[in-house]
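Notes to accompany the following structure.
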6 protein chains.
Amino acid sequence: MTDLVTFGESMLRLSPQDRERLESVRELDVRVAGAESNVAVAAARLGLEVTWLSKLPDSPLGRRATRSLDSHGVETAVVWDDDHRMGTYYIEFGGQPRGTDVIYDRENAAVTTATPAELRTDAVEAADIFHTTGITPALSGTLRETTADLLARARSAGTTTSFDLNYRSKLWSPAEARETLEELLADVDILVVAERDAREVLDRSGDAEGIARDLDASFDFEVTLVTRGERGSLALADGTVHEQPVFAADDYDPVGTGDAFVGGFLATYHGSGDVARAMEYGAATASLKRTMPGDLAVVTPAEVEEVIERGDQSGISR
Amino acid sequence: MTDLVTFGESMLRLSPQDRERLESVRELDVRVAGAESNVAVAAARLGLEVTWLSKLPDSPLGRRATRSLDSHGVETAVVWDDDHRMGTYYIEFGGQPRGTDVIYDRENAAVTTATPAELRTDAVEAADIFHTTGITPALSGTLRETTADLLARARSAGTTTSFDLNYRSKLWSPAEARETLEELLADVDILVVAERDAREVLDRSGDAEGIARDLDASFDFEVTLVTRGERGSLALADGTVHEQPVFAADDYDPVGTGDAFVGGFLATYHGSGDVARAMEYGAATASLKRTMPGDLAVVTPAEVEEVIERGDQSGISR
Amino acid sequence: MTDLVTFGESMLRLSPQDRERLESVRELDVRVAGAESNVAVAAARLGLEVTWLSKLPDSPLGRRATRSLDSHGVETAVVWDDDHRMGTYYIEFGGQPRGTDVIYDRENAAVTTATPAELRTDAVEAADIFHTTGITPALSGTLRETTADLLARARSAGTTTSFDLNYRSKLWSPAEARETLEELLADVDILVVAERDAREVLDRSGDAEGIARDLDASFDFEVTLVTRGERGSLALADGTVHEQPVFAADDYDPVGTGDAFVGGFLATYHGSGDVARAMEYGAATASLKRTMPGDLAVVTPAEVEEVIERGDQSGISR
Amino acid sequence: MTDLVTFGESMLRLSPQDRERLESVRELDVRVAGAESNVAVAAARLGLEVTWLSKLPDSPLGRRATRSLDSHGVETAVVWDDDHRMGTYYIEFGGQPRGTDVIYDRENAAVTTATPAELRTDAVEAADIFHTTGITPALSGTLRETTADLLARARSAGTTTSFDLNYRSKLWSPAEARETLEELLADVDILVVAERDAREVLDRSGDAEGIARDLDASFDFEVTLVTRGERGSLALADGTVHEQPVFAADDYDPVGTGDAFVGGFLATYHGSGDVARAMEYGAATASLKRTMPGDLAVVTPAEVEEVIERGDQSGISR
Amino acid sequence: MTDLVTFGESMLRLSPQDRERLESVRELDVRVAGAESNVAVAAARLGLEVTWLSKLPDSPLGRRATRSLDSHGVETAVVWDDDHRMGTYYIEFGGQPRGTDVIYDRENAAVTTATPAELRTDAVEAADIFHTTGITPALSGTLRETTADLLARARSAGTTTSFDLNYRSKLWSPAEARETLEELLADVDILVVAERDAREVLDRSGDAEGIARDLDASFDFEVTLVTRGERGSLALADGTVHEQPVFAADDYDPVGTGDAFVGGFLATYHGSGDVARAMEYGAATASLKRTMPGDLAVVTPAEVEEVIERGDQSGISR
Amino acid sequence: MTDLVTFGESMLRLSPQDRERLESVRELDVRVAGAESNVAVAAARLGLEVTWLSKLPDSPLGRRATRSLDSHGVETAVVWDDDHRMGTYYIEFGGQPRGTDVIYDRENAAVTTATPAELRTDAVEAADIFHTTGITPALSGTLRETTADLLARARSAGTTTSFDLNYRSKLWSPAEARETLEELLADVDILVVAERDAREVLDRSGDAEGIARDLDASFDFEVTLVTRGERGSLALADGTVHEQPVFAADDYDPVGTGDAFVGGFLATYHGSGDVARAMEYGAATASLKRTMPGDLAVVTPAEVEEVIERGDQSGISR
């Protein structure tokens, strides 16, 4: 019996070191990244039994990804593919005013061809929670159908469904996203959505609480979680609103912070159903993630609890 | 007025260091590689005015390629593209018996969409020599047509055409290659072909000299150059056969050795027409290439001449 | 149901790069190493279900070890300890005549306190094969008893026992080793022993075959496997002798070669019982190991089979 | 026809990484640096046709410099010298209170012997703008004469002359500098001068505007540009004063910031003559430079424009 | 005649780079560290003749330590040991809220067996100042006796004794520490103690001045120096109180800052007896230490004096 | 009382890693090198009390050199200079046929101005042996006089003088060298000379023994030592000839091998006067040097003795 199953892509993340520019780079730091596998790693490290479903090229590059996830205790249930490529992305960290530059190179990745028939759908049905994000259906038509299928199966099987909207403007337009995502939300129990995405993609307005109430009214979520970056997050569950500020953190590498939040949230919510505690746990996990290189939250439960105890919620220092 | 124009793809070459395995890699060494740009660099460093034609994504990754070629004095005449990706390849150096493992990731590279209409065909027509390889037409249907068009234009304009057959089994089958390449060879003046490719792709038999004479009989080349790996090379020109052994070299990184040979050959053949000297120059350039990391022959004329003078042709040491 | 269970220590392996001396070192390369976990990794990568039993400090250093083994698909069944340290060893690669210098720093490692009561003995009893080495009982009095206990349990449960004598002169004298090991051998089915150790520790004489027959006469092994370094290995099983030369290999890092051999041997012997094929598989796995940094044989079945097919058994090139 | 020609030295810049001290250094990061080539790179990247004139040793070290500049699209018109050395400088980044420590090692560099007779003076005369700095005449008596000669030739040919005063106390005293520089200023159209240098070297007083007006009164510049570090810059042109604050930036590596400003300024001023816009462009280029390692502003026009649009001029964060 | 003799352990300090986690580390940065050798290095670099007494394994690891100290001009008087190990510690720098994680691995280090009979006690007796810390007696029973013996010998010989209390909760409890340390303090002339340790270990209360006066009343110190982290330090000598704020510094690596303070203090106090000046010197040395990697204060007298002159005492910037 | 004093230059040795070309280099490996300091380090590590005399810039670069030598136990007696530079050299390792490329950048190094008046001539006079090489007088006219002065002083004081001819064609012509060196040889007791230099510079002919006898006849040396590269060396002392082959070694970095030989020779010859044993010791030290990066022989007496005992004199493997 698995606590959590996640489904999505994992890519090689290639980045220059020491603020070097991509166009001048001689050495690329290689890590593994993907919204759903990031969540899997955080949740597994914080105590859940986690399985990650995906499809990867049957090559050293594909194994590079599973080896990374295996090393964090995630069970990897992967369809090995001979015909498609490994998704990659390049990321350059520039500080201000250069900003962070991302170049996705994920077209025709093996995962874009993944169908329910080949994936371990039994694992989804046997899990307590199934989690995926709005990135996956944006990757291909096949994945739109597969995502819908998996959410529906999970629903039918009594598995709680969790969905992080995660709008990516480089993958599709707000209108395209809205059409697909609104359909998927019908099968979602726990929604995580950035306040900005709620406005731009789901067309909601008002403050964070208003947005949460509005979304809940439309889709009747078990938990509606609105994230607001450095201003923290807000959850609506059973009519009650819970607010959670961020914990102070040095911002060494912000990528994956949102996934760390979700991983920490689910690790606590699973079993307890305690939304307030889960948000606190998620926020603490996210703050630790910010301090380390790579998308993954390489944390222990003791470390997360220590952050909560110390309780410095004074903000992100840059 | 340009001495040499080459046309083809340049990729990012990503390789682990110190015999590390790709599936365990944390840092990838980044270099720029491509058969036709490798030739361009060698020839430019050895004194020719060289222009390289290609199409690249308008991104830091595309600029990574042109900056590398620019730094060696090659004029880069590139069509900048907003819609396609940067070709890459991963290479793992294993020694024996692991061997060298290459993973191409070049599908949908910008260059696969290059048409004569957008390329600097005037440069081809104004050049003394135009060089491309059998890799380029293997990359896409568009490139098959473009390659044929450029070779035909060069012919018409009186530009000497040079072609390295360079069969790549990961890109097409011998039968597919034969069909396309035999058509292209009708417009070729200087053919470079590995003995093995002549047998497997062009269906020739006999020893190297027999192969050269047979190919010359079919296509009437100005120079027919058959390479035989560590056993050196043989050229047929005006009915005369020239043999050239390899120069002794430490085999630090053999990738690009063949392109270094062609670059050295063309740099000398241009202007002099001296086939024997050109082969010696090519072989010396190739031996220097073997000693350095990356596909490019970072050499000077003085270094090449010193290798020839010392004249150690006792073989490749591994 | 597990195919193979191994038991022993895993250490951090700390080594300077690029032939640097330890006394001048500024950066240490960090890897994970241990005879029994090396075998576990090789066998798991080659297709067996493998569990590794051990005891480690409950710290980032202990997790460094399990994460490495997890990433290769080994199930790690570890007792986490709060009171003892992580074993480490320093290794300096010097080439000739400097040689390779090893400094063990493994005293009071957590594993030295491991008792049957805390280890997963049920896994040993449920496995097809149980493997450990002569290093483990050399580490502490507790481990002598634990090793004897596990071998006896395995025997009783019908689990095939495999034992690599692996004498380490830095841990005990030949006389001490003989006394302990001869007792353990009574419960061993498959013995692997270096010809030199058979002479110096087990006091045997004659050629490799004579040694194998002599040992078999004393202990009645299922398989008696005598390794002879670059001269290959010899196995005696059911009265038949099988000889296996080494496959040619660049000797980039020889550490762990013997363990790769055992891992490859067991992966094939399990299920098939084919000793000759298993030795060939072991030798091919070992030759690949020599080409890569670190103690672990990061190989795939396809790679091992390709080495066997090519079949170059001309020796180790240095 | 060239838009901009610059003249001066380029050195190897050797720096320890990660705040290491020079006296403990084991690895030096190697880059190429020089006030006039820094300006050339920035201007070329921002769209001008740029030629850089200099003299370098005919060695791999000299080629290290031209390859760097070539890679950014600067045309390098270099006199290759067999008798003198490559200038270098060592730079240690210490943070506060250690500061940044520079050790110049540029005596007897090849460029110190450069005479108008060997340099491409025709390129100066054919250019729209000629730029050099107060560092060049400080390097040798020969260079004092050569600088004067080139400025005079440019003037006569109708080429706009641009001069960054750039006083370096390690090269000469204020009195020596004043004597030489005041003579040169007679042939300058665009002066860039730090407020502090205007006071200490040119003996001016008052606030920045007063200094600009005073200098303009003396030399009748086309543009008088006074830089004030973190307090921005001020330009006087045709009697009008333009002020430009700095754009907010993480101060990763401040070296070359002034040259980036000049490069950005000239790239915009050329053609448009719009002083206000040019200063804004210069300031944005400079802010991007601060975020990247090395002296060079590895920027694109789109990046500069994005900085201007976002418009955060709140200062340098350290 | 030696100015200063210090006695204690030196360890290998092993740390991941670039905020990497220990459990994921592939490369460890290696440096040498130990409270008393840190003081020795700072004092030697600032002009004292310094000898460091210790015991180390006779191995490349032991020599790694002495070579580091020798390179800073410290005379190393070491007992070479064949039976015990090299102390090490792992340190992970995490920023906030991860913090800095230290794993000591110093049990059974050679120094724990050091006795007066084998150490150069004559050097202690001939020195002007003898310095050790509360870490040394915490390492073993033998070292408790040896520390007491050396302090007593120094006293008898007229050598000024200096002692930094340096309580380490990972080595002993406050109660254990108090019992041992109070006995040792009877032979101490100069005490350095953190305000917090004075409270928790020595059971004092009140403000820093009150603590200093209280301790002085109990032990009649020549100088009682209370450190208060970022709030500076306070010294009581001959009834007079001297306060010293910290100098502003980028906090690149804070480890060893306290030792740098003591080294700077002793370097100035020796000879002059000027407590106020010594505290200023110590604070400036400490501020420079913060900016550099490793425990050692790689400073020069000129650099320290420049910090004092500039006099920015506005605090630690992080 | 010192056993050995050496006098000469030490430079920063800057080299690209992993066969990279200097013209493409991004990171330079930094080490310290100089013939006489190389000898000092080898001899000090092998047991002699050694002082090195020189003059260096008073800068972090100068301290980089003394810290390296101090760390090997050499006493550094250096004149610190404010006006001249640090000598450096760049070295690129290319393998065959590229070879090893050296670029000296040592003009105007501080040492070129060293006079007897400022050097510690008392140390020379009090030493048992004084050693310098033919490189030192080649560096400047001042150094020619200083070298002659030191050799003469040593002679007068009864110090044995040792001189390694070490002809460097990049510093002077054979004729210039001969004139200076023949004068110096009048004050030399132990001469080390490469067979080739004896022919080309000292104008001798015949085989190695003939050369030794001829030189001895001219200058009446105590020991005349002729080195012959891979063919070993030959010494003539008291009319007896001793031949010494080289010990087999992997040729990782051959630079400094000759100095290691001299250091090993002097370490044994001092005290014993046993020429045969000293040559064996020198050859073993040299063979170890070949296996490690950098000019310095980082060896221990035990390692050297082990090489001698194993006694593999089969040649250099490359």
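Residue numbering restarts at 1 for every chain of the structure tokens, chains are lettered A, B, ... in their displayed order, and ligands are numbered from 1 as they appear.
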
Give me the chain D side of the contact with chain E, cut-off 9 Å, one line per residue showing its nearest atom pair and distance in Å at one decimal, counting only C-alpha atoms, sorted by chain and residue number, as a tab-separated table.
```
residue	atom	partner	partner_atom	distance
D:Asp18	CA	E:Pro293	CA	7.7
D:Arg19	CA	E:Met292	CA	5.7
D:Glu20	CA	E:Met292	CA	6.3
D:Arg21	CA	E:Met292	CA	7.5
D:Glu23	CA	E:Val298	CA	8.6
D:Ser24	CA	E:Val298	CA	8.6
D:Gly94	CA	E:Thr291	CA	6.3
D:Gly95	CA	E:Asp250	CA	6.0
D:Gln96	CA	E:Ala249	CA	5.1
D:Pro97	CA	E:Ala249	CA	5.5
D:Arg98	CA	E:Leu288	CA	6.1
```

May I have the residues from that selection written out with N, CA, C and O atoms, as an mmCIF file, in the first residue's frame?
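Once written, result.cif looks like this:
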```cif
data_model
loop_
_atom_site.group_PDB
_atom_site.id
_atom_site.type_symbol
_atom_site.label_atom_id
_atom_site.label_comp_id
_atom_site.auth_asym_id
_atom_site.auth_seq_id
_atom_site.Cartn_x
_atom_site.Cartn_y
_atom_site.Cartn_z
ATOM 1 N N ASP D 18 36.208 31.571 -5.100
ATOM 2 C CA ASP D 18 35.590 31.337 -3.793
ATOM 3 C C ASP D 18 36.301 32.035 -2.642
ATOM 4 O O ASP D 18 36.560 31.434 -1.606
ATOM 5 N N ARG D 19 36.644 33.277 -2.847
ATOM 6 C CA ARG D 19 37.242 34.106 -1.784
ATOM 7 C C ARG D 19 38.598 33.589 -1.283
ATOM 8 O O ARG D 19 39.067 34.004 -0.221
ATOM 9 N N GLU D 20 39.215 32.674 -2.031
ATOM 10 C CA GLU D 20 40.528 32.175 -1.617
ATOM 11 C C GLU D 20 41.545 33.327 -1.689
ATOM 12 O O GLU D 20 41.382 34.259 -2.450
ATOM 13 N N ARG D 21 42.601 33.230 -0.877
ATOM 14 C CA ARG D 21 43.661 34.226 -0.912
ATOM 15 C C ARG D 21 44.673 33.883 -2.000
ATOM 16 O O ARG D 21 44.980 32.720 -2.228
ATOM 17 N N GLU D 23 47.818 34.159 -1.847
ATOM 18 C CA GLU D 23 49.008 33.476 -1.342
ATOM 19 C C GLU D 23 48.751 31.996 -1.056
ATOM 20 O O GLU D 23 49.691 31.255 -0.776
ATOM 21 N N SER D 24 47.492 31.568 -1.096
ATOM 22 C CA SER D 24 47.156 30.160 -0.878
ATOM 23 C C SER D 24 46.628 29.493 -2.147
ATOM 24 O O SER D 24 46.225 28.338 -2.108
ATOM 25 N N GLY D 94 37.796 39.926 -1.956
ATOM 26 C CA GLY D 94 37.799 39.628 -0.529
ATOM 27 C C GLY D 94 36.541 39.993 0.239
ATOM 28 O O GLY D 94 36.388 39.578 1.373
ATOM 29 N N GLY D 95 35.643 40.729 -0.356
ATOM 30 C CA GLY D 95 34.526 41.227 0.439
ATOM 31 C C GLY D 95 35.038 42.219 1.467
ATOM 32 O O GLY D 95 36.229 42.522 1.526
ATOM 33 N N GLN D 96 34.142 42.708 2.311
ATOM 34 C CA GLN D 96 34.538 43.678 3.336
ATOM 35 C C GLN D 96 34.938 42.978 4.623
ATOM 36 O O GLN D 96 34.307 41.997 4.995
ATOM 37 N N PRO D 97 35.965 43.399 5.328
ATOM 38 C CA PRO D 97 36.799 44.580 5.089
ATOM 39 C C PRO D 97 38.051 44.286 4.285
ATOM 40 O O PRO D 97 38.917 45.159 4.190
ATOM 41 N N ARG D 98 38.156 43.061 3.715
ATOM 42 C CA ARG D 98 39.386 42.712 2.998
ATOM 43 C C ARG D 98 39.537 43.516 1.718
ATOM 44 O O ARG D 98 40.647 43.830 1.306
#
```

inquiry  = I need the residues in region 100-148 of chain B that are strand (DSSP E or B) according to DSSP; give them as a ChimeraX atom specification.
reply    = /B:100-105,109,129-133

Take the residues that were just selected and, keeping N, CA and C atoms, output them as a PDB file, in the first residue's frame.
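Heads up, here's the output in part-v6.pdb:
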```pdb
ATOM      1  N   THR B 100      33.657   3.975 -26.294  1.00  0.00           N
ATOM      2  CA  THR B 100      33.155   5.339 -26.260  1.00  0.00           C
ATOM      3  C   THR B 100      31.677   5.283 -26.588  1.00  0.00           C
ATOM      4  N   ASP B 101      30.852   5.858 -25.730  1.00  0.00           N
ATOM      5  CA  ASP B 101      29.401   5.794 -25.923  1.00  0.00           C
ATOM      6  C   ASP B 101      28.873   7.172 -26.322  1.00  0.00           C
ATOM      7  N   VAL B 102      28.171   7.220 -27.435  1.00  0.00           N
ATOM      8  CA  VAL B 102      27.622   8.489 -27.920  1.00  0.00           C
ATOM      9  C   VAL B 102      26.099   8.427 -27.905  1.00  0.00           C
ATOM     10  N   ILE B 103      25.468   9.440 -27.362  1.00  0.00           N
ATOM     11  CA  ILE B 103      24.014   9.572 -27.437  1.00  0.00           C
ATOM     12  C   ILE B 103      23.700  10.858 -28.191  1.00  0.00           C
ATOM     13  N   TYR B 104      23.187  10.704 -29.401  1.00  0.00           N
ATOM     14  CA  TYR B 104      22.805  11.895 -30.156  1.00  0.00           C
ATOM     15  C   TYR B 104      21.479  12.419 -29.646  1.00  0.00           C
ATOM     16  N   ASP B 105      21.379  13.727 -29.538  1.00  0.00           N
ATOM     17  CA  ASP B 105      20.102  14.363 -29.190  1.00  0.00           C
ATOM     18  C   ASP B 105      19.957  15.567 -30.115  1.00  0.00           C
ATOM     19  N   ALA B 109      16.694  19.854 -34.521  1.00  0.00           N
ATOM     20  CA  ALA B 109      17.638  20.964 -34.401  1.00  0.00           C
ATOM     21  C   ALA B 109      17.296  21.992 -35.477  1.00  0.00           C
ATOM     22  N   ILE B 129      36.392  26.647 -52.565  1.00  0.00           N
ATOM     23  CA  ILE B 129      35.997  25.275 -52.254  1.00  0.00           C
ATOM     24  C   ILE B 129      34.739  25.312 -51.395  1.00  0.00           C
ATOM     25  N   PHE B 130      33.832  24.383 -51.651  1.00  0.00           N
ATOM     26  CA  PHE B 130      32.669  24.198 -50.790  1.00  0.00           C
ATOM     27  C   PHE B 130      32.743  22.778 -50.234  1.00  0.00           C
ATOM     28  N   HIS B 131      32.590  22.669 -48.918  1.00  0.00           N
ATOM     29  CA  HIS B 131      32.721  21.351 -48.284  1.00  0.00           C
ATOM     30  C   HIS B 131      31.511  21.050 -47.401  1.00  0.00           C
ATOM     31  N   THR B 132      30.988  19.833 -47.550  1.00  0.00           N
ATOM     32  CA  THR B 132      29.992  19.366 -46.597  1.00  0.00           C
ATOM     33  C   THR B 132      30.178  17.862 -46.444  1.00  0.00           C
ATOM     34  N   THR B 133      29.308  17.216 -45.645  1.00  0.00           N
ATOM     35  CA  THR B 133      29.515  15.789 -45.391  1.00  0.00           C
ATOM     36  C   THR B 133      28.203  15.017 -45.506  1.00  0.00           C
TER      37      THR B 133
END
```

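Each of B:Ser59, B:Thr121, B:Ser10, B:Ser156 was compared to Ser37 (chain B) using only C-alpha atoms, and B:Ser10 turns out to be the nearest.
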
ask   = Which residues, written as a PyMOL selection string, have at least one atom at most 9 Å from Gly62 (chain F), with only C-alpha atoms counted and residues fewer than 3 positions away on the same chain left out?
value = (chain D and resi 23) or (chain F and resi 10-12+55-59+65-67+80+85-86)

request  = Quick one: pull the distance between CA of Ser162 (chain F) and CA of Asp214 (chain F), Å, one decimal.
outcome  =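 These two atoms are separated by 18.2 Å.
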
task = Can you check which residues of region 114-293 of chain F DSSP gives as helix (DSSP H, G or I) on the backbone and send them as a ChimeraX atom specification?
result = /F:121-126,136-138,141-157,174-185,195-200,208-219,229-231,257-272,275-289
